[in-house]
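**Q** Quick one: this structure, given as structure tokens, is what I'll be asking you about.
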Amino acid sequence: MFETSIGNPLMWGSFAILIVAMLALDLGVFHRREHEVKTKEAAIWTAVWVALSLAFAAWVWFEAGRRPALEFLTGYLIEKSLSIDNIFVFIVIFDYFRVPAKYHHRVLYWGILGALVMRGIFIAIGAALVSNFEWVLYVFGAFLVYTGYRIVRERGTSVDPGHNPVVKLVRRFVPLTDGYHGKHFVVRHAGKLMATPLLLVLLVVEATDVVFAVDSIPAIFGVTQDPFLVFTSNIFAILGLRALYFLLADLMDRFHYLPYGLGAVLVFIGAKMLVHDWVHVPIELSLGVVALLLAGAVAASLLWPPDEEEVPEVEVEDAPAKDET
């Protein structure tokens, strides 16, 4: 049965104001000048976004009660953990295209703005489907079980930017400059408007998020069907992704057991959706299982680090030239 949303105009408006203010503060004040984000800065911003998410959960508890707040926290934890998989892909993309470190934040900033729009569209479609066709939950559940199994079997997400359809289409139909031109996505060269490789990277990042949304949106509907909670938990997880990227980019190879934890989470949520008509799983239990699976995967990664030969290397071929200016 589709849930009645707790999101009234005041809650939607307050959330929108908060997000717009934080985005303006991020780009307009703290990142007005392009620079390489260091670990300390990334840690501060990660803490800020986590604190905001927890404060928002407390506000939901105050406004709508305990259960919606726990549903938000569970959804946020799932989306946050799944977004870590994005970080590995971003590393591969930036390395393949040899993007200067000081422009990583700019690409992620605009990429995430696009992701906000795309996630909103996906969530609206998902909510409409669940509202009108309850059997869609079984489809989502089966899909999540299969996706979780695939992640465990393949030990994560494989990506090859050179074979990305977006890369092939842009290189075929859009004139590209030979190298980067500072922070610009588009420049005028010899009287002709041309895209820079930075725009190509941005488009690949956007396309990648669409692929990840196919996994993450069904997962959150396994926790709650309230559009307000689905959307807000997704947005908070996405907005904290940039800071988390800069904090964990150099440490991702240490979390080699994390794909098993993520896969297990998806299988659990998928199974929960498949049996929801016969077995009621309390939200407290769902939150505990998700947290335990993820914490166990992280702990196992730290206790049993990978051998050096097990750490995958990223090969870079036929990538755009690195900016020398």
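Each chain in the structure tokens gets a letter, A, B and so on, in the order shown; residues start at 1 in every chain, and ligands are counted from 1 in the order they appear.
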Might you pull out every residue within 8 Å of A:Gly120, with only C-alpha atoms counted and same-chain residues fewer than 4 positions away left off, and present them as an MDAnalysis selection string?
**A** chainID A and resid 116 124 231
**Q** Extract the full set of alpha helix (DSSP H) residues from stretch 118-269 of chain A according to DSSP on the backbone, and format it as a CSV table (one decimal) with N, CA and C atoms, in the first residue's frame.
**A**
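Result file is selection_10.csv:
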chain,number,residue,atom,x,y,z
A,118,MET,N,18.0,14.7,-12.1
A,118,MET,CA,17.8,13.3,-12.6
A,118,MET,C,17.2,12.5,-11.5
A,119,ARG,N,17.7,12.6,-10.3
A,119,ARG,CA,17.1,11.8,-9.2
A,119,ARG,C,15.7,12.2,-8.9
A,120,GLY,N,15.4,13.5,-9.0
A,120,GLY,CA,14.0,14.0,-8.8
A,120,GLY,C,13.1,13.3,-9.8
A,121,ILE,N,13.5,13.3,-11.1
A,121,ILE,CA,12.7,12.7,-12.1
A,121,ILE,C,12.5,11.2,-11.9
A,122,PHE,N,13.6,10.5,-11.5
A,122,PHE,CA,13.5,9.1,-11.3
A,122,PHE,C,12.6,8.8,-10.1
A,123,ILE,N,12.7,9.6,-9.0
A,123,ILE,CA,11.9,9.3,-7.8
A,123,ILE,C,10.4,9.6,-8.1
A,124,ALA,N,10.1,10.6,-8.9
A,124,ALA,CA,8.7,10.9,-9.3
A,124,ALA,C,8.1,9.8,-10.1
A,125,ILE,N,8.9,9.2,-11.0
A,125,ILE,CA,8.5,8.1,-11.8
A,125,ILE,C,8.2,6.9,-10.9
A,126,GLY,N,9.2,6.6,-10.0
A,126,GLY,CA,9.1,5.5,-9.1
A,126,GLY,C,7.9,5.6,-8.2
A,127,ALA,N,7.7,6.8,-7.7
A,127,ALA,CA,6.6,7.0,-6.8
A,127,ALA,C,5.2,6.8,-7.5
A,128,ALA,N,5.2,7.3,-8.7
A,128,ALA,CA,3.9,7.1,-9.5
A,128,ALA,C,3.7,5.6,-9.8
A,129,LEU,N,4.7,4.9,-10.1
A,129,LEU,CA,4.6,3.5,-10.4
A,129,LEU,C,4.1,2.7,-9.2
A,130,VAL,N,4.8,3.0,-8.0
A,130,VAL,CA,4.4,2.3,-6.8
A,130,VAL,C,3.0,2.6,-6.4
A,131,SER,N,2.6,3.9,-6.6
A,131,SER,CA,1.3,4.3,-6.2
A,131,SER,C,0.2,3.7,-7.0
A,132,ASN,N,0.5,3.4,-8.3
A,132,ASN,CA,-0.6,2.9,-9.2
A,132,ASN,C,-0.5,1.4,-9.4
A,136,VAL,N,4.9,-3.4,-8.7
A,136,VAL,CA,6.2,-2.9,-9.1
A,136,VAL,C,7.2,-3.2,-7.9
A,137,LEU,N,6.7,-3.2,-6.7
A,137,LEU,CA,7.6,-3.4,-5.6
A,137,LEU,C,8.3,-4.8,-5.7
A,138,TYR,N,7.5,-5.8,-6.2
A,138,TYR,CA,8.1,-7.1,-6.4
A,138,TYR,C,9.2,-7.1,-7.5
A,139,VAL,N,8.9,-6.3,-8.5
A,139,VAL,CA,9.9,-6.1,-9.6
A,139,VAL,C,11.2,-5.5,-9.0
A,140,PHE,N,11.0,-4.4,-8.3
A,140,PHE,CA,12.1,-3.7,-7.6
A,140,PHE,C,12.9,-4.7,-6.7
A,141,GLY,N,12.2,-5.5,-6.0
A,141,GLY,CA,12.8,-6.4,-5.0
A,141,GLY,C,13.6,-7.5,-5.8
A,142,ALA,N,13.1,-8.0,-6.8
A,142,ALA,CA,13.8,-9.0,-7.6
A,142,ALA,C,15.1,-8.4,-8.2
A,143,PHE,N,14.9,-7.2,-8.7
A,143,PHE,CA,16.0,-6.5,-9.4
A,143,PHE,C,17.1,-6.3,-8.4
A,144,LEU,N,16.8,-5.9,-7.1
A,144,LEU,CA,17.8,-5.6,-6.1
A,144,LEU,C,18.5,-6.9,-5.7
A,145,VAL,N,17.8,-8.0,-5.6
A,145,VAL,CA,18.4,-9.2,-5.2
A,145,VAL,C,19.4,-9.6,-6.3
A,146,TYR,N,19.0,-9.5,-7.5
A,146,TYR,CA,20.0,-9.8,-8.6
A,146,TYR,C,21.2,-8.9,-8.6
A,147,THR,N,20.9,-7.6,-8.4
A,147,THR,CA,22.0,-6.6,-8.4
A,147,THR,C,23.0,-6.9,-7.3
A,148,GLY,N,22.4,-7.2,-6.1
A,148,GLY,CA,23.3,-7.5,-5.0
A,148,GLY,C,24.2,-8.7,-5.3
A,149,TYR,N,23.6,-9.7,-5.9
A,149,TYR,CA,24.3,-10.9,-6.2
A,149,TYR,C,25.4,-10.6,-7.2
A,150,ARG,N,25.1,-9.8,-8.2
A,150,ARG,CA,26.1,-9.4,-9.2
A,150,ARG,C,27.2,-8.6,-8.7
A,151,ILE,N,26.9,-7.7,-7.7
A,151,ILE,CA,28.0,-6.9,-7.1
A,151,ILE,C,29.0,-7.9,-6.3
A,152,VAL,N,28.4,-8.8,-5.6
A,152,VAL,CA,29.2,-9.7,-4.8
A,152,VAL,C,30.0,-10.6,-5.7
A,153,ARG,N,29.4,-11.1,-6.8
A,153,ARG,CA,30.1,-12.0,-7.7
A,153,ARG,C,31.2,-11.3,-8.4
A,154,GLU,N,31.0,-10.0,-8.8
A,154,GLU,CA,32.0,-9.2,-9.6
A,154,GLU,C,32.9,-8.4,-8.7
A,165,PRO,N,29.2,5.0,-24.0
A,165,PRO,CA,28.5,5.5,-25.2
A,165,PRO,C,28.5,7.0,-25.3
A,166,VAL,N,28.5,7.7,-24.1
A,166,VAL,CA,28.5,9.2,-24.1
A,166,VAL,C,29.9,9.7,-24.7
A,167,VAL,N,31.0,9.0,-24.3
A,167,VAL,CA,32.3,9.4,-24.9
A,167,VAL,C,32.3,9.3,-26.4
A,168,LYS,N,31.8,8.1,-26.9
A,168,LYS,CA,31.8,7.9,-28.3
A,168,LYS,C,30.9,8.9,-29.0
A,169,LEU,N,29.7,9.2,-28.5
A,169,LEU,CA,28.8,10.2,-29.2
A,169,LEU,C,29.4,11.6,-29.2
A,170,VAL,N,30.0,12.0,-28.0
A,170,VAL,CA,30.5,13.4,-28.0
A,170,VAL,C,31.7,13.5,-28.9
A,171,ARG,N,32.6,12.5,-28.9
A,171,ARG,CA,33.8,12.6,-29.8
A,171,ARG,C,33.4,12.5,-31.3
A,172,ARG,N,32.3,11.9,-31.5
A,172,ARG,CA,31.9,11.8,-32.9
A,172,ARG,C,31.2,13.1,-33.4
A,173,PHE,N,30.3,13.7,-32.6
A,173,PHE,CA,29.5,14.8,-33.1
A,173,PHE,C,29.8,16.2,-32.5
A,197,PRO,N,37.7,18.9,-23.0
A,197,PRO,CA,37.6,17.6,-22.3
A,197,PRO,C,36.9,17.7,-21.0
A,198,LEU,N,36.9,18.8,-20.3
A,198,LEU,CA,36.3,19.0,-19.0
A,198,LEU,C,34.7,18.8,-19.2
A,199,LEU,N,34.2,19.2,-20.3
A,199,LEU,CA,32.8,19.0,-20.5
A,199,LEU,C,32.5,17.6,-20.8
A,200,LEU,N,33.4,16.9,-21.5
A,200,LEU,CA,33.2,15.5,-21.8
A,200,LEU,C,33.2,14.7,-20.4
A,201,VAL,N,34.1,15.1,-19.5
A,201,VAL,CA,34.2,14.4,-18.2
A,201,VAL,C,32.9,14.6,-17.5
A,202,LEU,N,32.4,15.8,-17.5
A,202,LEU,CA,31.1,16.2,-16.8
A,202,LEU,C,30.0,15.3,-17.3
A,203,LEU,N,29.9,15.1,-18.6
A,203,LEU,CA,28.8,14.3,-19.2
A,203,LEU,C,29.0,12.9,-18.9
A,204,VAL,N,30.2,12.4,-18.8
A,204,VAL,CA,30.4,11.0,-18.4
A,204,VAL,C,30.0,10.8,-16.9
A,205,VAL,N,30.3,11.8,-16.1
A,205,VAL,CA,29.9,11.7,-14.6
A,205,VAL,C,28.4,11.7,-14.5
A,206,GLU,N,27.7,12.5,-15.3
A,206,GLU,CA,26.2,12.6,-15.3
A,206,GLU,C,25.7,11.2,-15.8
A,207,ALA,N,26.2,10.7,-16.8
A,207,ALA,CA,25.7,9.4,-17.3
A,207,ALA,C,25.9,8.3,-16.3
A,208,THR,N,27.1,8.3,-15.6
A,208,THR,CA,27.4,7.4,-14.6
A,208,THR,C,26.3,7.4,-13.4
A,209,ASP,N,25.9,8.6,-13.0
A,209,ASP,CA,25.0,8.7,-12.0
A,209,ASP,C,23.6,8.2,-12.4
A,210,VAL,N,23.3,8.3,-13.6
A,210,VAL,CA,22.0,7.7,-14.1
A,210,VAL,C,22.0,6.2,-13.9
A,211,VAL,N,23.2,5.6,-14.2
A,211,VAL,CA,23.3,4.2,-14.1
A,211,VAL,C,23.2,3.8,-12.6
A,212,PHE,N,23.8,4.5,-11.7
A,212,PHE,CA,23.7,4.2,-10.3
A,212,PHE,C,22.3,4.5,-9.7
A,213,ALA,N,21.6,5.5,-10.3
A,213,ALA,CA,20.3,5.7,-9.8
A,213,ALA,C,19.3,4.5,-10.1
A,214,VAL,N,19.6,3.8,-11.1
A,214,VAL,CA,18.8,2.6,-11.4
A,214,VAL,C,18.9,1.6,-10.3
A,215,ASP,N,20.0,1.5,-9.6
A,215,ASP,CA,20.1,0.6,-8.4
A,215,ASP,C,19.6,1.3,-7.2
A,216,SER,N,20.0,2.6,-6.9
A,216,SER,CA,19.7,3.2,-5.6
A,216,SER,C,18.2,3.6,-5.4
A,217,ILE,N,17.5,4.0,-6.5
A,217,ILE,CA,16.1,4.4,-6.3
A,217,ILE,C,15.3,3.2,-5.9
A,218,PRO,N,15.3,2.1,-6.5
A,218,PRO,CA,14.5,0.9,-6.0
A,218,PRO,C,14.9,0.6,-4.6
A,219,ALA,N,16.2,0.7,-4.2
A,219,ALA,CA,16.6,0.4,-2.9
A,219,ALA,C,15.9,1.2,-1.8
A,220,ILE,N,15.8,2.5,-2.1
A,220,ILE,CA,15.1,3.4,-1.1
A,220,ILE,C,13.6,3.1,-1.0
A,221,PHE,N,13.0,2.7,-2.1
A,221,PHE,CA,11.6,2.4,-2.0
A,221,PHE,C,11.4,1.1,-1.2
A,227,PRO,N,7.4,9.9,-0.9
A,227,PRO,CA,8.3,10.7,-1.8
A,227,PRO,C,9.2,11.7,-1.1
A,228,PHE,N,8.7,12.3,0.0
A,228,PHE,CA,9.5,13.3,0.7
A,228,PHE,C,10.7,12.6,1.3
A,229,LEU,N,10.5,11.5,2.0
A,229,LEU,CA,11.6,10.8,2.6
A,229,LEU,C,12.6,10.2,1.6
A,230,VAL,N,12.0,9.7,0.5
A,230,VAL,CA,12.8,9.1,-0.6
A,230,VAL,C,13.7,10.2,-1.2
A,231,PHE,N,13.1,11.3,-1.5
A,231,PHE,CA,13.9,12.4,-2.1
A,231,PHE,C,14.9,13.0,-1.2
A,232,THR,N,14.5,13.4,0.0
A,232,THR,CA,15.5,14.0,0.9
A,232,THR,C,16.6,13.1,1.3
A,233,SER,N,16.4,11.9,1.5
A,233,SER,CA,17.5,11.0,1.9
A,233,SER,C,18.5,10.8,0.7
A,234,ASN,N,17.9,10.8,-0.5
A,234,ASN,CA,18.8,10.7,-1.7
A,234,ASN,C,19.6,12.0,-1.8
A,235,ILE,N,19.0,13.1,-1.7
A,235,ILE,CA,19.7,14.4,-1.9
A,235,ILE,C,20.8,14.6,-0.9
A,236,PHE,N,20.5,14.3,0.4
A,236,PHE,CA,21.5,14.5,1.4
A,236,PHE,C,22.7,13.6,1.1
A,237,ALA,N,22.5,12.4,0.7
A,237,ALA,CA,23.5,11.4,0.4
A,237,ALA,C,24.4,11.9,-0.8
A,238,ILE,N,23.7,12.5,-1.8
A,238,ILE,CA,24.4,12.9,-3.0
A,238,ILE,C,25.2,14.2,-2.7
A,239,LEU,N,24.6,15.1,-2.0
A,239,LEU,CA,25.3,16.4,-1.7
A,239,LEU,C,26.6,16.2,-0.8
A,241,LEU,N,28.5,13.6,-1.2
A,241,LEU,CA,29.4,12.8,-2.0
A,241,LEU,C,30.7,13.4,-2.4
A,242,ARG,N,30.6,14.7,-2.8
A,242,ARG,CA,31.8,15.4,-3.2
A,242,ARG,C,32.9,15.4,-2.1
A,243,ALA,N,32.5,15.8,-0.9
A,243,ALA,CA,33.4,15.9,0.2
A,243,ALA,C,33.9,14.5,0.5
A,244,LEU,N,33.0,13.5,0.5
A,244,LEU,CA,33.4,12.1,0.8
A,244,LEU,C,34.4,11.6,-0.3
A,245,TYR,N,34.3,12.1,-1.5
A,245,TYR,CA,35.2,11.7,-2.6
A,245,TYR,C,36.6,12.2,-2.2
A,246,PHE,N,36.8,13.4,-1.9
A,246,PHE,CA,38.1,14.0,-1.6
A,246,PHE,C,38.7,13.4,-0.3
A,247,LEU,N,37.8,12.9,0.6
A,247,LEU,CA,38.2,12.3,1.9
A,247,LEU,C,38.7,10.9,1.7
A,248,LEU,N,38.1,10.1,0.8
A,248,LEU,CA,38.3,8.7,0.7
A,248,LEU,C,39.0,8.3,-0.6
A,258,LEU,N,34.1,-4.0,1.0
A,258,LEU,CA,32.9,-3.2,1.0
A,258,LEU,C,31.9,-3.6,-0.1
A,259,PRO,N,32.3,-4.1,-1.3
A,259,PRO,CA,31.3,-4.6,-2.3
A,259,PRO,C,30.5,-5.7,-1.7
A,260,TYR,N,31.1,-6.6,-0.9
A,260,TYR,CA,30.3,-7.7,-0.3
A,260,TYR,C,29.2,-7.1,0.6
A,261,GLY,N,29.6,-6.1,1.4
A,261,GLY,CA,28.6,-5.5,2.3
A,261,GLY,C,27.5,-4.8,1.5
A,262,LEU,N,27.8,-4.1,0.4
A,262,LEU,CA,26.8,-3.4,-0.4
A,262,LEU,C,25.9,-4.4,-1.0
A,263,GLY,N,26.5,-5.4,-1.6
A,263,GLY,CA,25.7,-6.5,-2.2
A,263,GLY,C,24.7,-7.1,-1.2
A,264,ALA,N,25.2,-7.4,0.0
A,264,ALA,CA,24.3,-8.0,1.0
A,264,ALA,C,23.2,-7.1,1.4
A,265,VAL,N,23.5,-5.8,1.5
A,265,VAL,CA,22.5,-4.8,1.8
A,265,VAL,C,21.4,-4.8,0.7
A,266,LEU,N,21.8,-4.8,-0.6
A,266,LEU,CA,20.8,-4.8,-1.6
A,266,LEU,C,19.9,-6.1,-1.6
A,267,VAL,N,20.6,-7.3,-1.4
A,267,VAL,CA,19.9,-8.5,-1.3
A,267,VAL,C,18.9,-8.5,-0.1
A,268,PHE,N,19.3,-7.9,1.0
A,268,PHE,CA,18.4,-7.8,2.2
A,268,PHE,C,17.2,-7.0,1.9
A,269,ILE,N,17.4,-5.8,1.3
A,269,ILE,CA,16.3,-4.9,1.0
A,269,ILE,C,15.4,-5.5,-0.1
**Q** Skip A:Leu70 itself and residues of its chain fewer than 6 positions away, then list as a list in words all residues within 12 Å of it, counting only C-alpha atoms.
**A**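 The contact residues come out as Leu54, Phe56, Ala57, Ala58, Trp59, Val60, Trp61, Phe62, Ala64, Tyr76, Leu77, Val223, Thr224, Leu229, Ser233, Pro282, Ile283, Glu284, Leu285, Ser286, Leu287 and Gly288 of chain A.
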